[in-house]
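Data block below; observations after.
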Amino acid sequence: MSEANNAHNVSYLEYKGQYKGLFAWIFSTDHKRIGLLYLYTMLLFFSVAAILGLLMKTQLIAPGYTIMGPQTYNSLFTLHGIIMIFIIVVPGLPAVFGNFFLPIMIGAKDVAFPKLNLLSWWFYIIGILIVLTSQFMGDGPPDTGWTFYAPYSFRTPTNVLPAVFGAFVMGFSSILTGINFVVTIHRMRAPGMTWFKMPLFPWTLYGTAWIQILATPVIGITLLLIIAERLMGIGIFDPALGGDPILYQHLFWIYSHPAVYIMILPGMGAISEIIPVFSRKTIFGYKAIVLSTMAIAFVGYFVWGHHMFTSGMSGRALYAFSFLTFLVAIPSAIKVFNWVSTMHRGSLHMQTPFYWAVSFIFVFMIGGLTGLVLGSLATNVHVHDTHFVVAHFHFIVFGGTGYAFMAALHYWFPKMFGRMYDMNWANLGWGIFFIGFNTLYLPMFYLGIMGMPRRYYDYLPDFHGGNIVSSLGAWVMVSGIVIIFANLIRSARHGEKTSDKNPWGGKTLEWQVDTPPTLENFEEIPTIVKGPYDYED
Amino acid sequence: MTVHRDDLGDKMGMWLFIFTELLLFGMLFVVYAVYRSMHPEAFKLGGDELDVVMGTINTIILLISSMTVAMSISAMQKGNKKLALTLLTITLIIAVVFLVNKYFEWGAKFEYGFNPGAPELLELGPGTILFFGLYFIMTGIHALHIIIGIALFIYVFWQIRKDKIHQTDYVWLENTGLYWHLVDLIWIFLFPLFYLIH
């Protein structure tokens, strides 16, 4: 190996390995390159799914046929859901920022199984390709919604099979990433980094990885059963053959509810990194955040029934699920108090990542509190399957995970690319996005309470006013997204070069290594003596 | 890159993977429990249709194969490459024999029209349909795991022959053994649930 290509002094972006060009990326086992592979894939598909969302909102700007008919609308919300859930938010922050920063933040040179890590990305890509075939082959795109509820998912003539199978394959990617991260965190922390000296982002990745390991197999087998049902008619979920479609809902939500914690926990971790840095203050209640993370990961398993309050369950089960749902809200609230207390009397630096983090808290609270409306039995019956639910989960999944993703991206961008983005454009993009986001989703709460059901391409004229506001909000929000992405893409290629190791004044390990990091991250593995957010010296 | 080696970490990864496999089958066992409690009579009659002799033979040989793969690991620890390879070959042969038995068992069920979607089965009512639906899906996924195990054995066999796996670096063999014990363990539960319970 020549001196110019030494793993210790060449950035991971310039390092020349065995392969050249595109192959140097798609066959790279470097955790940083794999993180970027996920990032590019996600940004591409996020753009596609956002456009689908925009088309749906445009359809809803007036009652009746505006730009599409019912079948098109059904297949659009199905594809929008499949892309957003399985391709973007479930892999989400762990796949991008977890891969890139977990090893650096715990003082390791790579994850425990680098080859397995690359295999995860390949499973992910193959899964995506299989899902995409559902759009172009067979009897038209699937129209079941991303939940594939039985018995419709094996009665509809549309091409459900590849969509289900693609989601199944992506499950492997999720499980393997989870196993990789758990082993990495157990075995590869730098000397001196005890569990309670580990930064919070790795902690949340740890909780997430356990959920990925423990919940994903359940969706795996459930999707396999749907495939078997469609191909052979084994009858497990088919009422005509003695099976029980409600059983499908149980199995589906046993995974898919913990999955929302797969989506949100790493987001909370990223926010817990950003807030102390831009407040120049030690995080308030480090251990409370750690324990509440693990509490969410644990209690999150036992609340799946709240998706099925109107499906038919015993009264006793309803009470239990409702109670547990209220219980799981507590650790999330603890985190909000921690973040706010960290900012209290801090020296606040108003920069782009901090704007995203603060607005995260705002929208996350709206999403969380409306979740309690859905979690209580009496109100749930009223708003179940209405736009209220749609608004709630967009506030949590998009408002929570999406904002946290953008916060993390703006926070770690200079470290990842060795270039700085244009702050003014970034702030402008954030402002427009934030206004558009709230204009889009807040009216949906109102529409839902008034009784507008979800998943219909049409609605009664009474709902027209709220829908006009909401649809205009969608256009504003997408304009914000365009500004943000254009700024980031331009900056990644032509932005001002920086080799400043620590542009924000962070204390965690990723701010002690080169910008951008060298192939092996550390020339010598550091020994950790202090806590991760030690601002009091 | 410096080569990072951590046998304990590798085994931990394998145990976590085994955990996911248990959950995957675990959900099928839950479905089985639900439908057995709903249709106890039909499940009993369904069980009577299965070939207990064939099932017992498969159980015994699978247990033996678990022993031979464990002995192969011990032989490798002691540096006896030849013995390790022999024992691995025996395990491999048993895995194939298991599949051959399964083929004949399934074949007989197909002949009688117990396979999902067969018109004869549809006449037997929901309990029997569910019993055979579960029988085929559970033993089918188990058989798939046997096939994956065979692929792993062939890979490990090859690596031992090339001395990539040797006395001081045999975690691949050990993990393959762990996986094989899991496949065995699942069968230990499948066998009584389908063949024996009355």
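Chain labels follow the order of the structure tokens: the first chain is A, the next B, and so on; residue numbering restarts at 1 in every chain, and ligands are counted from 1 in their shown order.
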
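Residues in contact with A:Val363 at up to 8 Å, not including ones fewer than 2 positions away on its chain and judged by only C-alpha atoms, are Ser359, Phe360, Ile361, Met365, Ile366, Gly367, Phe395, Ile396, Gly399 and Gly400 of chain A.
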
If we count only C-alpha atoms and set the cut-off at 12 Å, which residues sit around stretch 120-133 of chain B, ignoring sequence neighbours fewer than 2 positions away in its own chain? Please answer as an MDAnalysis selection string. (chainID A and resid 225 228:229 232:244) or (chainID B and resid 28 31:50 106 109:118 135:140 193:195)

Using only C-alpha atoms, please write the residues we just selected to a file, as a short mmCIF file (atom, residue, chain, number, x, y, z; two decimals), in the first residue's frame.
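This is the output file selection01.cif:
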data_model
loop_
_atom_site.label_atom_id
_atom_site.label_comp_id
_atom_site.auth_asym_id
_atom_site.auth_seq_id
_atom_site.Cartn_x
_atom_site.Cartn_y
_atom_site.Cartn_z
CA LEU A 225 -48.09 -16.85 5.38
CA ALA A 228 -48.57 -19.10 1.02
CA GLU A 229 -52.19 -18.02 1.28
CA MET A 232 -51.66 -22.25 -2.30
CA GLY A 233 -54.60 -21.24 -0.13
CA ILE A 234 -53.38 -22.75 3.15
CA GLY A 235 -56.31 -21.14 4.93
CA ILE A 236 -54.60 -19.66 8.01
CA PHE A 237 -56.07 -16.19 7.45
CA ASP A 238 -58.88 -17.09 5.08
CA PRO A 239 -62.31 -17.14 6.76
CA ALA A 240 -63.68 -19.22 3.87
CA LEU A 241 -61.28 -22.03 4.84
CA GLY A 242 -61.68 -21.68 8.60
CA GLY A 243 -58.87 -19.18 9.14
CA ASP A 244 -59.05 -15.93 11.05
CA LEU B 28 -46.14 -20.43 13.91
CA VAL B 31 -50.93 -19.97 15.35
CA TYR B 32 -50.89 -23.75 15.88
CA ALA B 33 -51.96 -23.33 19.51
CA VAL B 34 -54.81 -21.01 18.56
CA TYR B 35 -56.22 -23.32 15.91
CA ARG B 36 -55.65 -26.51 17.90
CA SER B 37 -57.71 -25.07 20.74
CA MET B 38 -60.43 -24.13 18.26
CA HIS B 39 -60.49 -27.50 16.46
CA PRO B 40 -59.16 -30.16 18.89
CA GLU B 41 -61.05 -33.03 17.24
CA ALA B 42 -59.96 -32.26 13.68
CA PHE B 43 -56.33 -31.82 14.78
CA LYS B 44 -56.42 -35.22 16.51
CA LEU B 45 -57.81 -36.89 13.38
CA GLY B 46 -55.28 -35.04 11.25
CA GLY B 47 -52.46 -36.31 13.47
CA ASP B 48 -53.70 -39.88 12.99
CA GLU B 49 -53.15 -39.51 9.25
CA LEU B 50 -49.43 -38.81 9.69
CA TRP B 106 -45.18 -35.46 1.58
CA LYS B 109 -50.02 -36.88 1.58
CA PHE B 110 -50.28 -35.39 -1.90
CA GLU B 111 -51.52 -38.72 -3.20
CA TYR B 112 -54.38 -38.70 -0.69
CA GLY B 113 -55.13 -35.06 -1.50
CA PHE B 114 -54.18 -33.55 1.83
CA ASN B 115 -52.14 -30.78 0.22
CA PRO B 116 -53.49 -27.21 0.50
CA GLY B 117 -55.98 -26.43 -2.23
CA ALA B 118 -56.72 -30.08 -3.06
CA TYR B 135 -48.36 -29.11 8.70
CA PHE B 136 -47.12 -28.23 5.24
CA ILE B 137 -46.05 -24.68 6.03
CA MET B 138 -44.22 -25.64 9.25
CA THR B 139 -42.50 -28.77 8.03
CA GLY B 140 -41.87 -26.95 4.75
CA LEU B 193 -47.15 -31.48 18.03
CA PHE B 194 -48.11 -33.02 14.70
CA TYR B 195 -47.48 -36.75 15.04
#

Write out as JSON, numbers by chain the residues lying within 8 Å of A:Phe522, counting only C-alpha atoms and excluding same-chain residues fewer than 3 positions away. {"A": [8, 107, 108, 109, 513, 518, 525, 526]}

Could you list the residues in chain A lying within 9 Å of chain B, using only C-alpha atoms, and format the result as a VMD selection string? chain A and resid 7 112 to 113 175 to 176 179 to 180 182 to 184 186 to 187 213 to 222 225 228 232 to 236 240 to 243 247 251 519 to 520

Create the file for the chosen residues now, containing N, CA and C atoms and written as a JSON list (two decimals), in the first residue's frame.
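The resulting file, out-v7.json, is reproduced below:
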[["chain", "number", "residue", "atom", "x", "y", "z"],
["A", 7, "ALA", "N", -4.49, 3.86, 4.76],
["A", 7, "ALA", "CA", -5.79, 3.89, 5.43],
["A", 7, "ALA", "C", -5.84, 4.91, 6.56],
["A", 112, "ALA", "N", -18.99, -4.80, 13.76],
["A", 112, "ALA", "CA", -18.45, -6.13, 14.07],
["A", 112, "ALA", "C", -18.37, -7.01, 12.83],
["A", 113, "PHE", "N", -19.37, -6.92, 11.94],
["A", 113, "PHE", "CA", -19.40, -7.78, 10.75],
["A", 113, "PHE", "C", -19.52, -6.92, 9.49],
["A", 175, "ILE", "N", -32.95, -7.27, 10.16],
["A", 175, "ILE", "CA", -32.48, -8.18, 11.20],
["A", 175, "ILE", "C", -30.95, -8.21, 11.24],
["A", 176, "LEU", "N", -30.33, -8.30, 10.06],
["A", 176, "LEU", "CA", -28.87, -8.41, 10.04],
["A", 176, "LEU", "C", -28.22, -7.14, 10.56],
["A", 179, "ILE", "N", -28.52, -7.31, 14.40],
["A", 179, "ILE", "CA", -27.54, -8.22, 15.00],
["A", 179, "ILE", "C", -26.15, -7.56, 14.98],
["A", 180, "ASN", "N", -25.82, -6.97, 13.85],
["A", 180, "ASN", "CA", -24.53, -6.32, 13.69],
["A", 180, "ASN", "C", -24.31, -5.24, 14.75],
["A", 182, "VAL", "N", -25.90, -4.80, 17.69],
["A", 182, "VAL", "CA", -25.85, -5.29, 19.08],
["A", 182, "VAL", "C", -24.45, -5.84, 19.38],
["A", 183, "VAL", "N", -23.94, -6.67, 18.45],
["A", 183, "VAL", "CA", -22.61, -7.24, 18.68],
["A", 183, "VAL", "C", -21.55, -6.14, 18.69],
["A", 184, "THR", "N", -21.68, -5.17, 17.78],
["A", 184, "THR", "CA", -20.71, -4.07, 17.74],
["A", 184, "THR", "C", -20.68, -3.34, 19.07],
["A", 186, "HIS", "N", -21.69, -4.36, 22.01],
["A", 186, "HIS", "CA", -21.21, -5.18, 23.12],
["A", 186, "HIS", "C", -19.70, -5.38, 23.07],
["A", 187, "ARG", "N", -19.16, -5.57, 21.88],
["A", 187, "ARG", "CA", -17.80, -6.08, 21.78],
["A", 187, "ARG", "C", -16.77, -5.03, 21.40],
["A", 213, "ILE", "N", -34.25, -7.18, 16.10],
["A", 213, "ILE", "CA", -34.01, -8.61, 16.24],
["A", 213, "ILE", "C", -35.28, -9.32, 16.72],
["A", 214, "LEU", "N", -35.97, -8.71, 17.67],
["A", 214, "LEU", "CA", -37.07, -9.43, 18.32],
["A", 214, "LEU", "C", -38.39, -9.30, 17.58],
["A", 215, "ALA", "N", -38.58, -8.26, 16.80],
["A", 215, "ALA", "CA", -39.89, -8.05, 16.17],
["A", 215, "ALA", "C", -39.91, -8.46, 14.70],
["A", 216, "THR", "N", -38.81, -8.22, 13.98],
["A", 216, "THR", "CA", -38.83, -8.45, 12.53],
["A", 216, "THR", "C", -39.17, -9.89, 12.14],
["A", 217, "PRO", "N", -38.69, -10.92, 12.87],
["A", 217, "PRO", "CA", -39.06, -12.28, 12.46],
["A", 217, "PRO", "C", -40.57, -12.49, 12.42],
["A", 218, "VAL", "N", -41.30, -11.77, 13.27],
["A", 218, "VAL", "CA", -42.75, -11.96, 13.32],
["A", 218, "VAL", "C", -43.38, -11.48, 12.01],
["A", 219, "ILE", "N", -42.94, -10.31, 11.52],
["A", 219, "ILE", "CA", -43.51, -9.85, 10.25],
["A", 219, "ILE", "C", -43.03, -10.78, 9.13],
["A", 220, "GLY", "N", -41.81, -11.31, 9.29],
["A", 220, "GLY", "CA", -41.28, -12.22, 8.27],
["A", 220, "GLY", "C", -42.22, -13.39, 8.06],
["A", 221, "ILE", "N", -42.57, -14.05, 9.16],
["A", 221, "ILE", "CA", -43.41, -15.24, 9.03],
["A", 221, "ILE", "C", -44.83, -14.85, 8.60],
["A", 222, "THR", "N", -45.29, -13.68, 9.06],
["A", 222, "THR", "CA", -46.64, -13.25, 8.69],
["A", 222, "THR", "C", -46.73, -13.00, 7.19],
["A", 225, "LEU", "N", -46.77, -16.21, 5.35],
["A", 225, "LEU", "CA", -48.09, -16.85, 5.38],
["A", 225, "LEU", "C", -49.03, -16.21, 4.36],
["A", 228, "ALA", "N", -48.05, -17.73, 1.12],
["A", 228, "ALA", "CA", -48.57, -19.10, 1.02],
["A", 228, "ALA", "C", -50.07, -19.09, 0.78],
["A", 232, "MET", "N", -51.13, -20.90, -2.47],
["A", 232, "MET", "CA", -51.66, -22.25, -2.30],
["A", 232, "MET", "C", -53.00, -22.30, -1.59],
["A", 233, "GLY", "N", -53.36, -21.20, -0.90],
["A", 233, "GLY", "CA", -54.60, -21.24, -0.13],
["A", 233, "GLY", "C", -54.50, -22.14, 1.08],
["A", 234, "ILE", "N", -53.51, -21.87, 1.98],
["A", 234, "ILE", "CA", -53.38, -22.75, 3.15],
["A", 234, "ILE", "C", -54.46, -22.48, 4.19],
["A", 235, "GLY", "N", -55.13, -21.33, 4.11],
["A", 235, "GLY", "CA", -56.31, -21.14, 4.93],
["A", 235, "GLY", "C", -56.10, -20.48, 6.28],
["A", 236, "ILE", "N", -54.86, -20.18, 6.66],
["A", 236, "ILE", "CA", -54.60, -19.66, 8.01],
["A", 236, "ILE", "C", -55.37, -18.36, 8.27],
["A", 240, "ALA", "N", -62.96, -18.21, 4.65],
["A", 240, "ALA", "CA", -63.68, -19.22, 3.87],
["A", 240, "ALA", "C", -63.14, -20.62, 4.14],
["A", 241, "LEU", "N", -61.88, -20.72, 4.58],
["A", 241, "LEU", "CA", -61.28, -22.03, 4.84],
["A", 241, "LEU", "C", -61.14, -22.30, 6.33],
["A", 242, "GLY", "N", -61.75, -21.46, 7.16],
["A", 242, "GLY", "CA", -61.68, -21.68, 8.60],
["A", 242, "GLY", "C", -60.67, -20.80, 9.30],
["A", 243, "GLY", "N", -59.88, -20.04, 8.54],
["A", 243, "GLY", "CA", -58.87, -19.18, 9.14],
["A", 243, "GLY", "C", -59.45, -17.90, 9.72],
["A", 247, "LEU", "N", -56.48, -12.70, 13.28],
["A", 247, "LEU", "CA", -55.18, -13.24, 13.67],
["A", 247, "LEU", "C", -54.08, -12.57, 12.85],
["A", 251, "LEU", "N", -50.79, -10.59, 14.35],
["A", 251, "LEU", "CA", -49.40, -10.90, 14.00],
["A", 251, "LEU", "C", -48.75, -9.70, 13.32],
["A", 519, "LEU", "N", -10.13, 6.15, 6.41],
["A", 519, "LEU", "CA", -10.75, 4.85, 6.22],
["A", 519, "LEU", "C", -10.92, 4.11, 7.55],
["A", 520, "GLU", "N", -9.89, 4.17, 8.40],
["A", 520, "GLU", "CA", -9.98, 3.42, 9.65],
["A", 520, "GLU", "C", -10.42, 4.28, 10.82]]

Please give the complete set of residues from stretch 69-195 of chain B that DSSP, run on the backbone, assigns to helix (DSSP H, G or I), formatted as a VMD selection string. chain B and resid 69 to 77 81 to 112 119 to 122 126 to 161 171 to 195

Measure the distance from atom CA of A:Ser272 to atom CA of A:Ala333 in Å and round it to one decimal. 13.5 Å

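One finds atom CA of A:Phe148 at 21.1 Å from atom CA of A:Phe123.
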
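Straight-line separation from atom CA of A:Lys197 to atom CA of A:Pro532: 6.0 Å.
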
Skip stretch 34-41 of chain A itself and residues of its chain fewer than 5 positions away, then list as a PyMOL selection string all residues within 8 Å of it, counting only C-alpha atoms. chain A and resi 25-26+28-29+95-100+117-118+121

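Proximity to B:Val97 was assessed for B:Met54, B:Ile73, B:Met67, B:Ile165 counting only C-alpha atoms; the smallest distance is recorded for B:Met54.
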
Using only C-alpha atoms, which protein or nucleic acid residues come within 12 Å of B:Ala75? Drop anything in the same chain fewer than 4 positions from it, and give the result as a list in words. Thr68, Val69, Ala70, Met71, Gly79, Asn80, Lys81, Lys82, Leu83, Ala84, Leu85, Thr86, Leu87, Leu88, His166, Gln167, Tyr170, Leu173 and Glu174 of chain B

Which one is closest to A:His80: A:Pro202, A:Tyr301, A:Ala62, A:Arg455? Count only C-alpha atoms. A:Arg455

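Across A:Thr515, A:His494, A:Leu265, A:Val478, the tightest approach to A:Leu54 is made by A:Val478 when counting only C-alpha atoms.
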